$ cat model.cif   # mmCIF, C-alpha atoms
data_data
#
loop_
_atom_site.label_atom_id
_atom_site.label_comp_id
_atom_site.auth_asym_id
_atom_site.auth_seq_id
_atom_site.Cartn_x
_atom_site.Cartn_y
_atom_site.Cartn_z
CA MET A 30 -87.32 9.55 13.34
CA GLN A 31 -85.58 11.01 10.28
CA LEU A 32 -82.14 9.96 9.10
CA SER A 33 -80.18 11.01 6.00
CA LEU A 34 -77.68 8.80 4.29
CA LEU A 35 -74.58 10.03 2.46
CA PRO A 36 -72.25 7.49 0.86
CA GLN A 37 -68.55 8.10 1.47
CA ASP A 38 -65.47 6.57 -0.15
CA ASP A 39 -64.84 4.32 2.82
CA GLY A 40 -68.32 3.89 4.16
CA VAL A 41 -71.36 5.96 4.91
CA THR A 42 -72.44 9.00 6.90
CA ILE A 43 -75.74 8.76 8.72
CA ARG A 44 -77.07 12.13 9.70
CA VAL A 45 -79.63 12.24 12.52
CA GLU A 46 -82.28 14.71 11.37
CA GLU A 47 -83.79 15.25 14.78
CA LYS A 48 -83.46 18.03 17.32
CA ARG A 49 -83.90 15.66 20.24
CA LEU A 50 -82.45 12.20 20.75
CA ASP A 51 -84.50 11.27 23.80
CA ALA A 52 -86.65 8.52 25.26
CA ALA A 53 -89.43 9.28 22.78
CA VAL A 54 -87.29 8.23 19.79
CA ALA A 55 -84.36 6.22 21.17
CA LEU A 56 -85.72 2.80 20.24
CA ALA A 57 -86.73 3.81 16.70
CA PHE A 58 -83.36 5.53 16.28
CA LYS A 59 -81.46 2.41 17.32
CA ASP A 60 -83.43 0.12 15.04
CA LYS A 61 -83.20 2.41 12.00
CA VAL A 62 -79.48 3.01 12.32
CA ARG A 63 -78.78 -0.68 12.78
CA GLY A 64 -80.70 -1.36 9.58
CA LEU A 65 -78.59 1.21 7.70
CA VAL A 66 -75.31 -0.02 9.17
CA ALA A 67 -75.99 -3.39 7.60
CA HIS A 68 -75.62 -1.77 4.16
CA GLY A 69 -72.74 0.57 4.97
CA GLY A 70 -69.04 0.21 4.35
CA ALA A 71 -66.09 -0.18 6.70
CA ARG A 72 -66.59 3.17 8.40
CA VAL A 73 -69.93 4.47 9.61
CA THR A 74 -70.03 8.12 10.67
CA LEU A 75 -72.95 9.16 12.80
CA ASP A 76 -73.45 12.89 12.26
CA LEU A 77 -75.26 14.32 15.27
CA SER A 78 -74.97 17.99 14.30
CA PRO A 79 -78.76 18.64 14.15
CA VAL A 80 -79.24 17.19 17.66
CA ASP A 81 -79.64 19.90 20.32
CA PHE A 82 -80.46 17.58 23.19
CA MET A 83 -79.68 13.99 24.08
CA ASP A 84 -80.58 12.17 27.29
CA SER A 85 -79.36 8.83 28.64
CA SER A 86 -81.89 6.99 26.47
CA GLY A 87 -80.27 8.49 23.37
CA LEU A 88 -76.83 7.80 24.75
CA GLY A 89 -77.79 4.18 25.46
CA ALA A 90 -78.97 3.80 21.87
CA VAL A 91 -75.68 5.14 20.50
CA ILE A 92 -73.75 2.76 22.76
CA ALA A 93 -75.92 -0.16 21.65
CA ILE A 94 -75.21 0.70 18.00
CA PHE A 95 -71.50 0.94 18.79
CA LYS A 96 -71.45 -2.44 20.55
CA GLN A 97 -73.27 -4.16 17.72
CA MET A 98 -71.02 -2.96 14.93
CA PRO A 99 -69.95 -5.98 12.90
CA ALA A 100 -66.32 -7.08 13.12
CA GLY A 101 -64.02 -4.99 10.94
CA ARG A 102 -66.40 -2.00 10.88
CA SER A 103 -65.95 1.19 12.86
CA LEU A 104 -68.36 3.78 14.20
CA VAL A 105 -67.34 7.43 14.38
CA LEU A 106 -69.39 10.25 15.91
CA SER A 107 -69.24 13.74 14.46
CA GLY A 108 -70.88 17.13 14.78
CA LEU A 109 -71.57 16.98 18.51
CA THR A 110 -73.37 20.12 19.71
CA PRO A 111 -72.35 21.40 23.17
CA ASN A 112 -75.23 19.70 25.02
CA VAL A 113 -74.62 16.36 23.34
CA GLU A 114 -70.89 16.60 23.93
CA ARG A 115 -71.56 17.26 27.62
CA VAL A 116 -73.53 14.03 27.99
CA PHE A 117 -70.66 12.01 26.49
CA ARG A 118 -68.20 13.81 28.75
CA LEU A 119 -70.25 13.49 31.95
CA THR A 120 -70.64 9.74 31.44
CA ARG A 121 -67.01 9.40 30.25
CA MET A 122 -68.20 7.76 27.07
CA ASP A 123 -66.07 10.31 25.21
CA LYS A 124 -63.10 8.17 26.32
CA VAL A 125 -64.58 5.04 24.79
CA MET A 126 -66.02 6.18 21.49
CA THR A 127 -64.33 7.87 18.55
CA ILE A 128 -65.51 11.47 18.27
CA ILE A 129 -64.32 13.76 15.49
CA PRO A 130 -64.98 17.49 15.28
CA GLY A 131 -67.20 19.11 12.69
CA PRO A 132 -70.16 17.89 10.70
CA ALA A 133 -68.68 15.55 8.13
CA TRP A 134 -71.77 16.07 5.97
CA HIS A 135 -71.13 19.78 5.44
CA ASP A 136 -67.43 19.32 4.84
CA ARG A 137 -68.20 16.89 2.12
CA GLU A 138 -70.73 19.09 0.36
CA ARG A 139 -68.57 22.18 0.20
CA MET B 23 -88.87 43.25 26.17
CA ARG B 24 -86.68 45.44 28.32
CA ALA B 25 -83.81 43.77 30.10
CA GLU B 26 -84.64 45.42 33.41
CA THR B 27 -88.12 43.86 33.33
CA LEU B 28 -86.65 40.44 32.68
CA SER B 29 -84.06 40.73 35.38
CA GLN B 30 -86.71 41.61 37.94
CA ARG B 31 -89.00 38.78 36.98
CA GLN B 32 -88.24 35.32 38.36
CA PRO B 33 -89.58 32.78 35.89
CA MET B 34 -91.43 29.76 37.18
CA LEU B 35 -93.13 26.75 35.68
CA HIS B 36 -95.82 24.50 37.05
CA ARG B 37 -97.23 21.66 35.00
CA ILE B 38 -99.34 18.60 35.73
CA PHE B 39 -99.26 15.76 33.20
CA ARG B 40 -99.46 12.01 32.75
CA ALA B 41 -96.10 10.30 32.47
CA ASP B 42 -95.38 9.71 28.78
CA PRO B 43 -92.26 10.39 26.68
CA MET B 44 -94.13 12.95 24.56
CA THR B 45 -95.64 14.84 27.50
CA VAL B 46 -92.13 14.93 28.99
CA ARG B 47 -90.86 16.44 25.74
CA HIS B 48 -93.55 19.09 25.81
CA ALA B 49 -92.79 19.96 29.43
CA LEU B 50 -89.10 20.36 28.65
CA ASN B 51 -89.84 22.51 25.62
CA PHE B 52 -91.97 24.66 27.88
CA LEU B 53 -89.04 24.85 30.29
CA HIS B 54 -87.01 26.50 27.52
CA GLU B 55 -89.80 28.93 26.71
CA ARG B 56 -89.90 30.02 30.32
CA PHE B 57 -86.26 29.88 31.38
CA ASP B 58 -84.06 30.59 28.35
CA GLY B 59 -82.20 33.77 29.08
CA SER B 60 -82.84 33.63 32.81
CA ALA B 61 -79.58 31.78 33.46
CA GLY B 62 -76.53 30.61 31.54
CA GLU B 63 -77.04 28.12 28.76
CA GLU B 64 -75.19 25.36 30.64
CA ALA B 65 -77.33 25.81 33.77
CA ILE B 66 -80.50 25.49 31.69
CA PHE B 67 -79.03 22.38 30.09
CA ARG B 68 -78.31 20.86 33.51
CA VAL B 69 -81.91 21.47 34.59
CA GLU B 70 -83.26 20.03 31.35
CA LEU B 71 -81.11 16.90 31.45
CA ALA B 72 -81.73 16.23 35.16
CA LEU B 73 -85.48 16.64 34.66
CA ALA B 74 -85.43 14.50 31.52
CA GLU B 75 -83.77 11.68 33.43
CA ILE B 76 -86.13 11.95 36.40
CA LEU B 77 -89.27 12.20 34.25
CA ASN B 78 -88.18 9.38 31.91
CA ASN B 79 -87.59 7.22 34.95
CA ILE B 80 -91.15 7.87 36.11
CA CYS B 81 -92.46 7.06 32.61
CA GLN B 82 -90.49 3.84 32.44
CA HIS B 83 -90.88 2.48 35.98
CA GLY B 84 -93.47 4.52 37.85
CA GLY B 85 -96.41 2.59 36.46
CA GLU B 86 -95.05 -0.81 37.46
CA GLY B 87 -96.65 -2.73 40.29
CA GLY B 88 -100.20 -2.09 39.19
CA ALA B 89 -101.47 -4.43 41.90
CA GLU B 90 -101.71 -1.42 44.20
CA ARG B 91 -104.36 0.01 41.92
CA PRO B 92 -107.99 -0.92 41.63
CA GLY B 93 -108.26 -3.58 38.97
CA GLY B 94 -104.55 -4.37 39.22
CA GLN B 95 -103.76 -2.46 36.02
CA GLY B 96 -100.59 -0.49 35.50
CA HIS B 97 -101.18 3.22 35.13
CA ALA B 98 -99.23 6.20 33.85
CA PRO B 99 -98.37 8.19 36.98
CA LEU B 100 -99.63 11.74 37.32
CA ILE B 101 -96.66 14.09 37.56
CA HIS B 102 -96.56 17.54 39.13
CA LEU B 103 -93.53 19.52 38.01
CA CYS B 104 -92.50 22.83 39.54
CA VAL B 105 -89.41 24.83 38.54
CA ILE B 106 -88.49 28.20 40.00
CA ARG B 107 -85.59 30.53 39.30
CA HIS B 108 -84.16 32.20 42.35
CA VAL B 109 -80.93 34.02 43.14
CA GLY B 110 -78.13 31.49 43.05
CA GLY B 111 -79.94 28.68 41.34
CA ILE B 112 -82.91 26.98 39.74
CA ALA B 113 -85.03 24.90 42.12
CA CYS B 114 -87.06 21.93 40.88
CA ALA B 115 -89.67 19.75 42.55
CA VAL B 116 -91.20 16.66 40.98
CA THR B 117 -93.97 14.62 42.54
CA ASP B 118 -95.72 11.56 41.12
CA ASP B 119 -98.07 8.81 42.22
CA GLY B 120 -96.02 5.94 40.80
CA ILE B 121 -94.29 3.21 42.74
CA PRO B 122 -91.75 4.24 45.42
CA LEU B 123 -88.26 5.16 44.26
CA PRO B 124 -85.90 2.25 45.04
CA ASP B 125 -83.27 3.17 47.65
CA HIS B 126 -80.35 2.34 45.40
CA CYS B 127 -81.24 5.15 42.98
CA LEU B 128 -80.03 7.74 45.46
CA GLY B 129 -77.04 5.73 46.63
CA PRO B 130 -73.45 6.37 45.52
CA ARG B 131 -73.06 6.11 41.76
CA LEU B 132 -70.07 5.45 39.58
CA PRO B 133 -69.86 6.56 35.98
CA GLY B 134 -70.72 3.79 33.61
CA ALA B 135 -67.58 3.62 31.52
CA PRO B 136 -65.53 0.50 32.23
CA ALA B 137 -61.88 0.05 31.39
CA THR B 138 -61.17 0.87 27.78
CA GLY B 139 -61.00 -1.93 25.30
CA GLN B 140 -64.02 -3.74 26.69
CA ARG B 141 -66.60 -2.75 24.14
CA ASP B 142 -68.93 -5.64 24.84
CA ALA B 143 -68.98 -4.80 28.54
CA LEU B 144 -70.18 -1.22 28.01
CA PRO B 145 -73.46 -0.48 29.78
CA GLU B 146 -76.34 0.67 27.58
CA GLY B 147 -78.34 2.00 30.50
CA GLY B 148 -78.03 2.94 34.12
CA PHE B 149 -76.65 6.40 33.40
CA GLY B 150 -79.78 8.20 34.51
CA TRP B 151 -79.25 8.38 38.25
CA PHE B 152 -75.55 8.97 37.85
CA LEU B 153 -76.35 12.00 35.71
CA ILE B 154 -79.07 13.23 38.07
CA GLN B 155 -76.69 13.11 41.01
CA ASP B 156 -73.91 14.73 39.02
CA LEU B 157 -76.03 17.56 37.60
CA THR B 158 -77.87 18.57 40.77
CA ALA B 159 -77.26 19.77 44.32
CA SER B 160 -79.32 19.25 47.47
CA LEU B 161 -81.11 16.26 45.94
CA SER B 162 -83.73 15.04 48.37
CA TYR B 163 -86.50 12.47 48.26
CA PHE B 164 -89.35 11.34 50.44
CA ARG B 165 -92.58 9.46 49.98
CA GLU B 166 -95.84 10.45 51.55
CA GLY B 167 -98.97 8.41 51.06
CA ARG B 168 -99.09 7.41 47.42
CA ARG B 169 -96.79 10.12 46.13
CA ASN B 170 -93.07 10.46 45.58
CA PHE B 171 -91.50 13.87 46.24
CA LEU B 172 -88.14 14.67 44.69
CA ALA B 173 -86.48 18.07 44.90
CA PHE B 174 -83.13 19.50 43.85
CA ILE B 175 -81.29 22.66 42.90
CA VAL B 176 -79.08 23.45 39.93
CA PRO B 177 -76.74 26.17 41.17
CA VAL B 178 -76.30 29.25 38.99
CA GLY B 179 -73.26 31.37 39.68
CA ASP B 180 -75.05 34.69 39.66
CA ALA B 181 -74.78 35.67 43.32
CA GLY B 182 -72.80 38.87 42.87
CA SER B 183 -71.86 38.10 39.29
CA SER B 184 -73.72 38.96 36.14
CA GLY B 185 -71.57 36.70 33.98
CA GLN B 186 -74.15 33.98 33.56
CA PHE B 187 -77.17 36.20 33.36
CA SER B 188 -77.87 37.15 29.77
CA PRO B 189 -81.40 38.53 29.33
CA ASN B 190 -80.70 39.40 25.72
CA CYS B 191 -79.79 35.87 24.80
CA SER B 192 -82.03 34.73 21.98
CA GLY B 193 -80.76 31.20 21.73
#

$ encode --input "model.cif" --output "structure tokens"
Amino acid sequence: MQLSLLPQDDGVTIRVEEKRLDAAVALAFKDKVRGLVAHGGARVTLDLSPVDFMDSSGLGAVIAIFKQMPAGRSLVLSGLTPNVERVFRLTRMDKVMTIIPGPAWHDRER
Amino acid sequence: MRAETLSQRQPMLHRIFRADPMTVRHALNFLHERFDGSAGEEAIFRVELALAEILNNICQHGGEGGAERPGGQGHAPLIHLCVIRHVGGIACAVTDDGIPLPDHCLGPRLPGAPATGQRDALPEGGFGWFLIQDLTASLSYFREGRRNFLAFIVPVGDAGSSGQFSPNCSG
């Protein structure tokens, strides 16, 4: 499970460097991100742009991270590929979580 | 490869493997090798996600209740997966020798999202069977002897339309 960390002015971007966010990695993903969130700022952006496929295990991990965000901190999702976006839409979790277009990572580096 | 050859060939996949998250990954990667380009990208995604949910469920729960087995040990079920492309859809059959599928899995499902503003009440699981039912058609299940048999279709709108059939798709 590979993650990249990019500090931002108001927090941190965590980029998920995996093609698949599935049952094989969901638990490790959840634990690693939670460890990084502890050191982040007010706003944590989870950049999912490398992820081609996510199943309900991956979705459950994202929701668990969202629910456990400390008070006063926000979680934003970015860079959803079509298949990942479909899972959020099918489960209606797109109505609950904050999703912004585009990979924040790339925008920042340009 | 010539498009006319591809369009005449109906891809199929048959794999037998022990239930494990990594063997499931390999099977789904193989699904792409075999089926990419044989139907629209969204149809392939629906097959992949439905199968991922079904196979993960077998990995997670199928080996429970080891008392039925000699020695009383849990075991990783042996899965047979068969996927066939035909006109109008992609047909899948999954069998395994894990514990029986509980009745409620195939019962009516509601999407997991509760009323907004209730972050702590959000479910972290339980999406699997909702997704399976949403993604598939003609979902059927029976148990015979020690094996579960689950079959479904993901419709592909290619009966009389070539819109979703893209043999030159490289993606």

$ residues_around --input "model.cif" --residues "B:Pro130" --least-positions-apart "5" --cutoff "12 Å" --atoms "all atoms listed in the file" --output "JSON list (two decimals) with C-alpha atoms, keeping the file's coordinate frame"
[["chain", "number", "residue", "atom", "x", "y", "z"],
["B", 125, "ASP", "CA", -83.27, 3.17, 47.65],
["B", 151, "TRP", "CA", -79.25, 8.38, 38.25],
["B", 152, "PHE", "CA", -75.55, 8.97, 37.85],
["B", 153, "LEU", "CA", -76.35, 12.00, 35.71],
["B", 154, "ILE", "CA", -79.07, 13.23, 38.07],
["B", 155, "GLN", "CA", -76.69, 13.11, 41.01],
["B", 156, "ASP", "CA", -73.91, 14.73, 39.02]]

$ closest_atom_pairs --input "model.cif" --of "chain B" --to "chain A" --cutoff "10 Å" --atoms "only C-alpha atoms" --output "tab-separated table"
residue	atom	partner	partner_atom	distance
B:Asp42	CA	A:Ala53	CA	8.5
B:Pro43	CA	A:Ala53	CA	4.9
B:Met44	CA	A:Ala53	CA	6.2
B:Thr45	CA	A:Ala53	CA	9.6
B:Val46	CA	A:Ala53	CA	8.8
B:Arg47	CA	A:Ala53	CA	7.9
B:Glu63	CA	A:Asn112	CA	9.4
B:Glu64	CA	A:Asn112	CA	8.0
B:Phe67	CA	A:Asn112	CA	6.9
B:Arg68	CA	A:Asn112	CA	9.1
B:Glu70	CA	A:Phe82	CA	9.0
B:Leu71	CA	A:Asp84	CA	6.3
B:Ala72	CA	A:Asp84	CA	8.9
B:Leu73	CA	A:Asp84	CA	9.9
B:Ala74	CA	A:Asp84	CA	6.8
B:Glu75	CA	A:Asp84	CA	6.9
B:Asn78	CA	A:Ala52	CA	6.9
B:Asn79	CA	A:Ala52	CA	9.8
B:Cys81	CA	A:Ala52	CA	9.5
B:Gln82	CA	A:Ala52	CA	9.4
B:Leu132	CA	A:Thr120	CA	9.2
B:Pro133	CA	A:Thr120	CA	5.6
B:Gly134	CA	A:Thr120	CA	6.3
B:Ala135	CA	A:Arg121	CA	5.9
B:Pro136	CA	A:Val125	CA	8.8
B:Ala137	CA	A:Val125	CA	8.7
B:Thr138	CA	A:Val125	CA	6.2
B:Gly139	CA	A:Val125	CA	7.9
B:Gln140	CA	A:Val125	CA	9.0
B:Arg141	CA	A:Lys96	CA	6.0
B:Asp142	CA	A:Lys96	CA	5.9
B:Ala143	CA	A:Lys96	CA	8.7
B:Leu144	CA	A:Ile92	CA	7.5
B:Pro145	CA	A:Gly89	CA	7.7
B:Glu146	CA	A:Gly89	CA	4.3
B:Gly147	CA	A:Gly89	CA	5.5
B:Gly148	CA	A:Ser85	CA	8.2
B:Phe149	CA	A:Ser85	CA	6.0
B:Gly150	CA	A:Ser85	CA	5.9
B:Trp151	CA	A:Ser85	CA	9.6
B:Phe152	CA	A:Thr120	CA	8.1
B:Leu153	CA	A:Leu119	CA	7.3
B:Asp156	CA	A:Leu119	CA	8.1
B:Leu157	CA	A:Leu119	CA	9.0

$ resolve_selection --input "model.cif" --expression "the PyMOL selection byres ((chain B and resi 158-173) around 12)" --output "PyMOL selection string"
chain B and resi 65-73+75-77+80+84+90-91+99-106+110-125+127-129+151-157+174-178

$ atom_distance --input "model.cif" --atom1 "atom CA of A:Phe117" --atom2 "atom CA of B:Arg56"
26.6 Å

$ atom_distance --input "model.cif" --atom1 "atom CA of A:Val73" --atom2 "atom CA of A:Gly40"
5.7 Å

$ residues_around --input "model.cif" --residues "A:Asp76" --least-positions-apart "5" --cutoff "12 Å" --atoms "only C-alpha atoms" --output "PyMOL selection string"
chain A and resi 32-35+41-47+62+91+104-110+113+128-136

$ write_last_selection --input "model.cif" --atoms "C-alpha atoms" --output "PDB file, in the frame of the given file"
ATOM      1  CA  LEU A  32     -82.140   9.960   9.100  1.00  0.00           C
ATOM      2  CA  SER A  33     -80.180  11.010   6.000  1.00  0.00           C
ATOM      3  CA  LEU A  34     -77.680   8.800   4.290  1.00  0.00           C
ATOM      4  CA  LEU A  35     -74.580  10.030   2.460  1.00  0.00           C
ATOM      5  CA  VAL A  41     -71.360   5.960   4.910  1.00  0.00           C
ATOM      6  CA  THR A  42     -72.440   9.000   6.900  1.00  0.00           C
ATOM      7  CA  ILE A  43     -75.740   8.760   8.720  1.00  0.00           C
ATOM      8  CA  ARG A  44     -77.070  12.130   9.700  1.00  0.00           C
ATOM      9  CA  VAL A  45     -79.630  12.240  12.520  1.00  0.00           C
ATOM     10  CA  GLU A  46     -82.280  14.710  11.370  1.00  0.00           C
ATOM     11  CA  GLU A  47     -83.790  15.250  14.780  1.00  0.00           C
ATOM     12  CA  VAL A  62     -79.480   3.010  12.320  1.00  0.00           C
ATOM     13  CA  VAL A  91     -75.680   5.140  20.500  1.00  0.00           C
ATOM     14  CA  LEU A 104     -68.360   3.780  14.200  1.00  0.00           C
ATOM     15  CA  VAL A 105     -67.340   7.430  14.380  1.00  0.00           C
ATOM     16  CA  LEU A 106     -69.390  10.250  15.910  1.00  0.00           C
ATOM     17  CA  SER A 107     -69.240  13.740  14.460  1.00  0.00           C
ATOM     18  CA  GLY A 108     -70.880  17.130  14.780  1.00  0.00           C
ATOM     19  CA  LEU A 109     -71.570  16.980  18.510  1.00  0.00           C
ATOM     20  CA  THR A 110     -73.370  20.120  19.710  1.00  0.00           C
ATOM     21  CA  VAL A 113     -74.620  16.360  23.340  1.00  0.00           C
ATOM     22  CA  ILE A 128     -65.510  11.470  18.270  1.00  0.00           C
ATOM     23  CA  ILE A 129     -64.320  13.760  15.490  1.00  0.00           C
ATOM     24  CA  PRO A 130     -64.980  17.490  15.280  1.00  0.00           C
ATOM     25  CA  GLY A 131     -67.200  19.110  12.690  1.00  0.00           C
ATOM     26  CA  PRO A 132     -70.160  17.890  10.700  1.00  0.00           C
ATOM     27  CA  ALA A 133     -68.680  15.550   8.130  1.00  0.00           C
ATOM     28  CA  TRP A 134     -71.770  16.070   5.970  1.00  0.00           C
ATOM     29  CA  HIS A 135     -71.130  19.780   5.440  1.00  0.00           C
ATOM     30  CA  ASP A 136     -67.430  19.320   4.840  1.00  0.00           C
TER      31      ASP A 136
END

$ atom_distance --input "model.cif" --atom1 "atom CA of B:Phe39" --atom2 "atom CA of B:Phe57"
19.3 Å

$ residues_near_point --input "model.cif" --point "(-90.4, 6.5, 14.5)" --cutoff "8 Å" --atoms "only C-alpha atoms" --output "PyMOL selection string"
chain A and resi 30-31+54+57-58

$ closest_residue --input "model.cif" --among "A:Lys48, A:Arg118, A:Asp38, A:Thr127" --to "A:Gly69" --atoms "all atoms listed in the file"
A:Asp38

$ closest_residue --input "model.cif" --among "A:Pro36, A:Glu114, A:Ala55, A:Asp81" --to "A:His68" --atoms "only C-alpha atoms"
A:Pro36

$ resolve_selection --input "model.cif" --expression "the PyMOL selection byres ((chain A and resi 71) around 6)" --output "list of chain:residue names"
A:Gly40, A:Gly70, A:Arg72, A:Arg102

$ write_last_selection --input "model.cif" --atoms "C-alpha atoms" --output "compact mmCIF listing (two decimals), in the coordinates of the input"
# COMPACT_ATOMS: atom_id res chain seq x y z
CA GLY A 40 -68.32 3.89 4.16
CA GLY A 70 -69.04 0.21 4.35
CA ARG A 72 -66.59 3.17 8.40
CA ARG A 102 -66.40 -2.00 10.88
